[in-house]
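Shown below: structure32.cif, with mmCIF, N, CA and C atoms.
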data_entry
#
loop_
_atom_site.label_atom_id
_atom_site.label_comp_id
_atom_site.auth_asym_id
_atom_site.auth_seq_id
_atom_site.Cartn_x
_atom_site.Cartn_y
_atom_site.Cartn_z
N MET A 1 101.12 18.08 26.53
CA MET A 1 102.20 18.79 27.18
C MET A 1 102.93 17.83 28.12
N TYR A 2 104.24 17.90 28.09
CA TYR A 2 105.08 17.04 28.90
C TYR A 2 105.45 17.74 30.20
N TYR A 3 105.27 17.04 31.32
CA TYR A 3 105.65 17.53 32.64
C TYR A 3 106.83 16.67 33.12
N ALA A 4 108.03 17.20 32.96
CA ALA A 4 109.24 16.44 33.22
C ALA A 4 109.38 16.02 34.68
N ASP A 5 109.01 16.89 35.62
CA ASP A 5 109.21 16.56 37.02
C ASP A 5 108.38 15.36 37.47
N GLN A 6 107.23 15.11 36.83
CA GLN A 6 106.42 13.93 37.16
C GLN A 6 106.54 12.84 36.09
N ASN A 7 107.20 13.13 34.97
CA ASN A 7 107.31 12.22 33.83
C ASN A 7 105.93 11.80 33.34
N ILE A 8 105.11 12.82 33.10
CA ILE A 8 103.72 12.64 32.67
C ILE A 8 103.49 13.45 31.41
N LEU A 9 102.71 12.87 30.52
CA LEU A 9 102.30 13.53 29.28
C LEU A 9 100.79 13.74 29.35
N VAL A 10 100.34 14.96 29.09
CA VAL A 10 98.92 15.29 29.18
C VAL A 10 98.46 15.94 27.90
N ASP A 11 97.28 15.53 27.44
CA ASP A 11 96.64 16.21 26.32
C ASP A 11 95.26 16.65 26.79
N SER A 12 95.11 17.92 26.98
CA SER A 12 93.81 18.45 27.39
C SER A 12 93.29 19.46 26.38
N SER A 13 93.85 19.42 25.18
CA SER A 13 93.47 20.41 24.17
C SER A 13 92.28 19.98 23.34
N ASN A 14 91.98 18.69 23.31
CA ASN A 14 90.88 18.21 22.48
C ASN A 14 89.68 17.87 23.33
N SER A 15 88.56 18.48 23.02
CA SER A 15 87.34 18.16 23.73
C SER A 15 86.95 16.72 23.43
N GLY A 16 86.65 15.95 24.46
CA GLY A 16 86.25 14.57 24.29
C GLY A 16 87.41 13.60 24.18
N ASN A 17 88.64 14.09 24.15
CA ASN A 17 89.80 13.20 24.05
C ASN A 17 90.90 13.70 24.97
N THR A 18 90.57 13.91 26.21
CA THR A 18 91.53 14.40 27.19
C THR A 18 92.15 13.20 27.89
N TYR A 19 93.48 13.16 27.95
CA TYR A 19 94.12 12.01 28.56
C TYR A 19 95.41 12.40 29.25
N ILE A 20 95.86 11.46 30.08
CA ILE A 20 97.12 11.58 30.80
C ILE A 20 97.85 10.25 30.66
N ILE A 21 99.16 10.31 30.40
CA ILE A 21 99.96 9.09 30.28
C ILE A 21 101.11 9.18 31.28
N ASP A 22 101.18 8.19 32.15
CA ASP A 22 102.31 8.07 33.07
C ASP A 22 103.43 7.38 32.30
N LEU A 23 104.45 8.11 31.95
CA LEU A 23 105.52 7.58 31.11
C LEU A 23 106.40 6.56 31.82
N ASP A 24 106.36 6.53 33.15
CA ASP A 24 107.11 5.53 33.89
C ASP A 24 106.53 4.13 33.72
N THR A 25 105.20 4.05 33.55
CA THR A 25 104.54 2.74 33.50
C THR A 25 103.81 2.49 32.18
N GLY A 26 103.58 3.51 31.38
CA GLY A 26 102.80 3.35 30.16
C GLY A 26 101.31 3.38 30.40
N PHE A 27 100.88 3.70 31.61
CA PHE A 27 99.46 3.74 31.95
C PHE A 27 98.84 5.00 31.36
N LYS A 28 97.81 4.82 30.54
CA LYS A 28 97.08 5.94 29.96
C LYS A 28 95.67 5.95 30.55
N ALA A 29 95.23 7.12 30.97
CA ALA A 29 93.87 7.28 31.46
C ALA A 29 93.23 8.46 30.73
N GLU A 30 92.12 8.19 30.07
CA GLU A 30 91.32 9.29 29.56
C GLU A 30 90.52 9.81 30.74
N TYR A 31 90.22 11.10 30.71
CA TYR A 31 89.48 11.65 31.85
C TYR A 31 88.60 12.79 31.42
N SER A 32 87.61 13.05 32.27
CA SER A 32 86.75 14.21 32.07
C SER A 32 86.44 14.83 33.43
N VAL A 33 86.32 16.14 33.44
CA VAL A 33 86.05 16.88 34.65
C VAL A 33 84.55 17.19 34.68
N HIS A 34 83.91 16.80 35.77
CA HIS A 34 82.48 17.06 35.97
C HIS A 34 82.34 17.78 37.31
N GLY A 35 82.13 19.08 37.25
CA GLY A 35 82.01 19.85 38.48
C GLY A 35 83.30 19.78 39.28
N ASN A 36 83.20 19.25 40.50
CA ASN A 36 84.37 19.13 41.38
C ASN A 36 84.96 17.73 41.38
N ASN A 37 84.58 16.91 40.39
CA ASN A 37 85.08 15.54 40.31
C ASN A 37 85.73 15.30 38.96
N ILE A 38 86.65 14.37 38.95
CA ILE A 38 87.28 13.93 37.71
C ILE A 38 87.03 12.43 37.58
N HIS A 39 86.58 12.01 36.41
CA HIS A 39 86.35 10.61 36.13
C HIS A 39 87.41 10.14 35.14
N CYS A 40 88.12 9.07 35.50
CA CYS A 40 89.21 8.52 34.68
C CYS A 40 88.89 7.07 34.32
N TRP A 41 89.33 6.68 33.16
CA TRP A 41 89.22 5.28 32.76
C TRP A 41 90.45 4.92 31.94
N PRO A 42 90.99 3.72 32.16
CA PRO A 42 92.19 3.32 31.42
C PRO A 42 91.87 3.13 29.95
N GLU A 43 92.83 3.43 29.14
CA GLU A 43 92.66 3.32 27.69
C GLU A 43 94.00 2.95 27.08
N LYS A 44 93.95 2.34 25.94
CA LYS A 44 95.15 1.95 25.21
C LYS A 44 95.75 3.18 24.51
N ILE A 45 97.07 3.26 24.48
CA ILE A 45 97.74 4.32 23.73
C ILE A 45 97.51 4.04 22.25
N LYS A 46 96.99 5.04 21.53
CA LYS A 46 96.61 4.87 20.14
C LYS A 46 97.55 5.65 19.21
N ARG A 47 97.47 5.33 17.95
CA ARG A 47 98.32 5.97 16.93
C ARG A 47 98.24 7.50 17.00
N PRO A 48 97.04 8.12 17.11
CA PRO A 48 97.01 9.60 17.19
C PRO A 48 97.75 10.15 18.42
N ASP A 49 97.74 9.40 19.51
CA ASP A 49 98.48 9.82 20.71
C ASP A 49 99.99 9.82 20.43
N ILE A 50 100.43 8.78 19.76
CA ILE A 50 101.85 8.65 19.43
C ILE A 50 102.29 9.77 18.50
N GLU A 51 101.47 10.05 17.50
CA GLU A 51 101.79 11.12 16.54
C GLU A 51 101.81 12.49 17.21
N LYS A 52 100.81 12.72 18.06
CA LYS A 52 100.74 14.02 18.75
C LYS A 52 101.96 14.23 19.65
N ALA A 53 102.36 13.19 20.38
CA ALA A 53 103.53 13.28 21.25
C ALA A 53 104.79 13.54 20.43
N ARG A 54 104.89 12.89 19.29
CA ARG A 54 106.06 13.06 18.43
C ARG A 54 106.12 14.48 17.88
N LEU A 55 104.99 14.99 17.39
CA LEU A 55 104.97 16.31 16.76
C LEU A 55 105.03 17.45 17.77
N GLU A 56 104.23 17.37 18.82
CA GLU A 56 104.12 18.50 19.75
C GLU A 56 105.14 18.49 20.88
N ASP A 57 105.49 17.30 21.35
CA ASP A 57 106.40 17.22 22.50
C ASP A 57 107.76 16.63 22.15
N LYS A 58 107.94 16.27 20.87
CA LYS A 58 109.21 15.69 20.41
C LYS A 58 109.58 14.45 21.22
N MET A 59 108.57 13.61 21.50
CA MET A 59 108.78 12.40 22.29
C MET A 59 108.31 11.18 21.51
N ASP A 60 109.05 10.09 21.65
CA ASP A 60 108.64 8.83 21.04
C ASP A 60 108.03 7.94 22.11
N ILE A 61 106.71 7.78 22.06
CA ILE A 61 106.02 6.92 23.03
C ILE A 61 105.51 5.64 22.35
N SER A 62 105.99 5.37 21.16
CA SER A 62 105.49 4.23 20.39
C SER A 62 105.75 2.89 21.06
N LYS A 63 106.76 2.80 21.89
CA LYS A 63 107.09 1.53 22.55
C LYS A 63 106.39 1.36 23.90
N LEU A 64 105.68 2.39 24.36
CA LEU A 64 105.00 2.29 25.64
C LEU A 64 103.77 1.40 25.54
N SER A 65 103.59 0.58 26.53
CA SER A 65 102.35 -0.16 26.66
C SER A 65 102.20 -0.54 28.13
N TYR A 66 100.99 -0.56 28.56
CA TYR A 66 100.69 -0.90 29.95
C TYR A 66 100.22 -2.34 29.98
N LYS A 67 100.97 -3.16 30.61
CA LYS A 67 100.65 -4.59 30.69
C LYS A 67 99.96 -4.85 32.02
N TYR A 68 98.63 -4.85 32.01
CA TYR A 68 97.84 -5.01 33.24
C TYR A 68 98.24 -6.25 34.02
N LYS A 69 98.52 -7.35 33.33
CA LYS A 69 98.81 -8.60 34.03
C LYS A 69 100.12 -8.56 34.81
N ASN A 70 101.00 -7.62 34.51
CA ASN A 70 102.28 -7.55 35.20
C ASN A 70 102.28 -6.64 36.42
N PHE A 71 101.13 -6.08 36.73
CA PHE A 71 101.05 -5.15 37.86
C PHE A 71 100.16 -5.72 38.95
N ALA A 72 100.63 -5.67 40.17
CA ALA A 72 99.82 -6.08 41.31
C ALA A 72 98.88 -4.94 41.69
N CYS A 73 97.89 -5.24 42.48
CA CYS A 73 96.91 -4.23 42.90
C CYS A 73 97.58 -3.02 43.54
N LYS A 74 98.60 -3.24 44.35
CA LYS A 74 99.30 -2.12 45.00
C LYS A 74 99.94 -1.22 43.96
N GLU A 75 100.53 -1.80 42.92
CA GLU A 75 101.17 -0.99 41.88
C GLU A 75 100.14 -0.17 41.12
N VAL A 76 99.00 -0.75 40.81
CA VAL A 76 97.94 -0.02 40.12
C VAL A 76 97.44 1.12 41.00
N LYS A 77 97.27 0.85 42.29
CA LYS A 77 96.83 1.90 43.22
C LYS A 77 97.85 3.04 43.27
N ASP A 78 99.14 2.70 43.29
CA ASP A 78 100.19 3.72 43.32
C ASP A 78 100.15 4.59 42.06
N ILE A 79 99.93 3.97 40.90
CA ILE A 79 99.84 4.72 39.65
C ILE A 79 98.63 5.65 39.69
N CYS A 80 97.49 5.14 40.14
CA CYS A 80 96.27 5.95 40.23
C CYS A 80 96.45 7.09 41.22
N ASP A 81 97.13 6.84 42.33
CA ASP A 81 97.39 7.90 43.31
C ASP A 81 98.26 9.00 42.70
N LYS A 82 99.28 8.61 41.95
CA LYS A 82 100.16 9.58 41.29
C LYS A 82 99.35 10.45 40.32
N ILE A 83 98.50 9.82 39.53
CA ILE A 83 97.67 10.56 38.57
C ILE A 83 96.68 11.46 39.29
N GLU A 84 96.07 10.96 40.36
CA GLU A 84 95.11 11.78 41.12
C GLU A 84 95.78 13.03 41.69
N ILE A 85 96.92 12.87 42.30
CA ILE A 85 97.63 14.02 42.87
C ILE A 85 97.99 15.02 41.78
N PHE A 86 98.47 14.52 40.65
CA PHE A 86 98.82 15.40 39.55
C PHE A 86 97.61 16.17 39.03
N LEU A 87 96.50 15.48 38.82
CA LEU A 87 95.30 16.15 38.30
C LEU A 87 94.77 17.18 39.29
N ARG A 88 94.71 16.80 40.56
CA ARG A 88 94.14 17.71 41.57
C ARG A 88 95.00 18.94 41.83
N PHE A 89 96.31 18.74 41.92
CA PHE A 89 97.16 19.83 42.39
C PHE A 89 98.02 20.49 41.33
N THR A 90 98.17 19.88 40.16
CA THR A 90 98.95 20.49 39.09
C THR A 90 98.06 20.95 37.95
N MET A 91 97.19 20.08 37.47
CA MET A 91 96.35 20.43 36.32
C MET A 91 95.18 21.35 36.70
N TYR A 92 94.54 21.06 37.82
CA TYR A 92 93.33 21.81 38.18
C TYR A 92 93.37 22.30 39.63
N PRO A 93 94.40 23.03 40.01
CA PRO A 93 94.51 23.46 41.41
C PRO A 93 93.42 24.45 41.84
N THR A 94 92.87 25.20 40.91
CA THR A 94 91.86 26.21 41.27
C THR A 94 90.43 25.67 41.20
N LYS A 95 90.24 24.46 40.75
CA LYS A 95 88.89 23.91 40.60
C LYS A 95 88.35 23.26 41.87
N ASN A 96 89.17 23.15 42.91
CA ASN A 96 88.74 22.53 44.15
C ASN A 96 88.18 21.13 43.90
N ILE A 97 88.96 20.30 43.23
CA ILE A 97 88.56 18.93 42.91
C ILE A 97 88.39 18.15 44.21
N GLN A 98 87.22 17.58 44.40
CA GLN A 98 86.92 16.81 45.60
C GLN A 98 87.39 15.37 45.51
N GLN A 99 87.19 14.77 44.31
CA GLN A 99 87.53 13.36 44.18
C GLN A 99 87.87 13.02 42.74
N VAL A 100 88.77 12.07 42.58
CA VAL A 100 89.11 11.53 41.27
C VAL A 100 88.70 10.06 41.28
N PHE A 101 87.80 9.71 40.37
CA PHE A 101 87.29 8.34 40.27
C PHE A 101 88.01 7.63 39.14
N PHE A 102 88.40 6.38 39.38
CA PHE A 102 88.97 5.53 38.34
C PHE A 102 87.98 4.42 38.06
N ASN A 103 87.55 4.33 36.83
CA ASN A 103 86.56 3.35 36.42
C ASN A 103 87.25 2.25 35.62
N PHE A 104 87.37 1.09 36.23
CA PHE A 104 87.96 -0.07 35.56
C PHE A 104 86.84 -1.03 35.18
N ILE A 105 86.89 -1.50 33.96
CA ILE A 105 85.83 -2.42 33.50
C ILE A 105 86.33 -3.84 33.66
#
Would you give me this structure, written as structure tokens?
Amino acid sequence: MYYADQNILVDSSNSGNTYIIDLDTGFKAEYSVHGNNIHCWPEKIKRPDIEKARLEDKMDISKLSYKYKNFACKEVKDICDKIEIFLRFTMYPTKNIQQVFFNFI
């Protein structure tokens, strides 16, 4: 589902393949909700993501890619903050999410 006001694309319909894509930066994070916490990890945009966006949201995300080397730590933190706020207050406002963890390898 596309959220125009934040320019974010979210797929939470598939168990085990829940993700959020910040369309401003191409940053994709898969995530899972565990109790009052959300665990996120960066992932590459894959062919099924592109197809799903094209079919369900009528969007072409095939040219998006997140180039880690072009982002400074502050920019990555800003992207993670945007995603955290969106997940806590837009996607799961009734779950009382305490913390969103980002796991970078």
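Nearest-residue note for A:Leu87: choosing from A:Leu55, A:Ile38, A:Thr18, A:Ala4, the minimum distance belongs to A:Ile38, counting only C-alpha atoms.
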Just asking: which residues within chain A are alpha helix (DSSP H) according to DSSP, as a PyMOL selection string? chain A and resi 47-57+73-86
Let me make sure I understand: among A:Val33, A:Val100, A:Met1, A:Lys95, which one has the smallest atom-to-atom distance to A:Ile83 if we use all atoms listed in the file?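 Ranked by minimum distance to A:Ile83, first place goes to A:Val100.
If you look at atom CA of A:Asp57 and atom N of A:Val10, they are 9.2 Å away from each other.
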When you count all atoms listed in the file, which of these residues is closest to A:Asp24: A:Ile8, A:Ile97, A:Cys40, A:Cys73? A:Ile8
Residue with smallest distance to A:Asn103 - pool A:Tyr3, A:Trp41, A:Tyr31, A:Ile21, counting all atoms listed in the file: A:Trp41
Please report the interatomic distance between atom N of A:Arg47 and atom CA of A:Phe104 in Å with one decimal. 20.7 Å
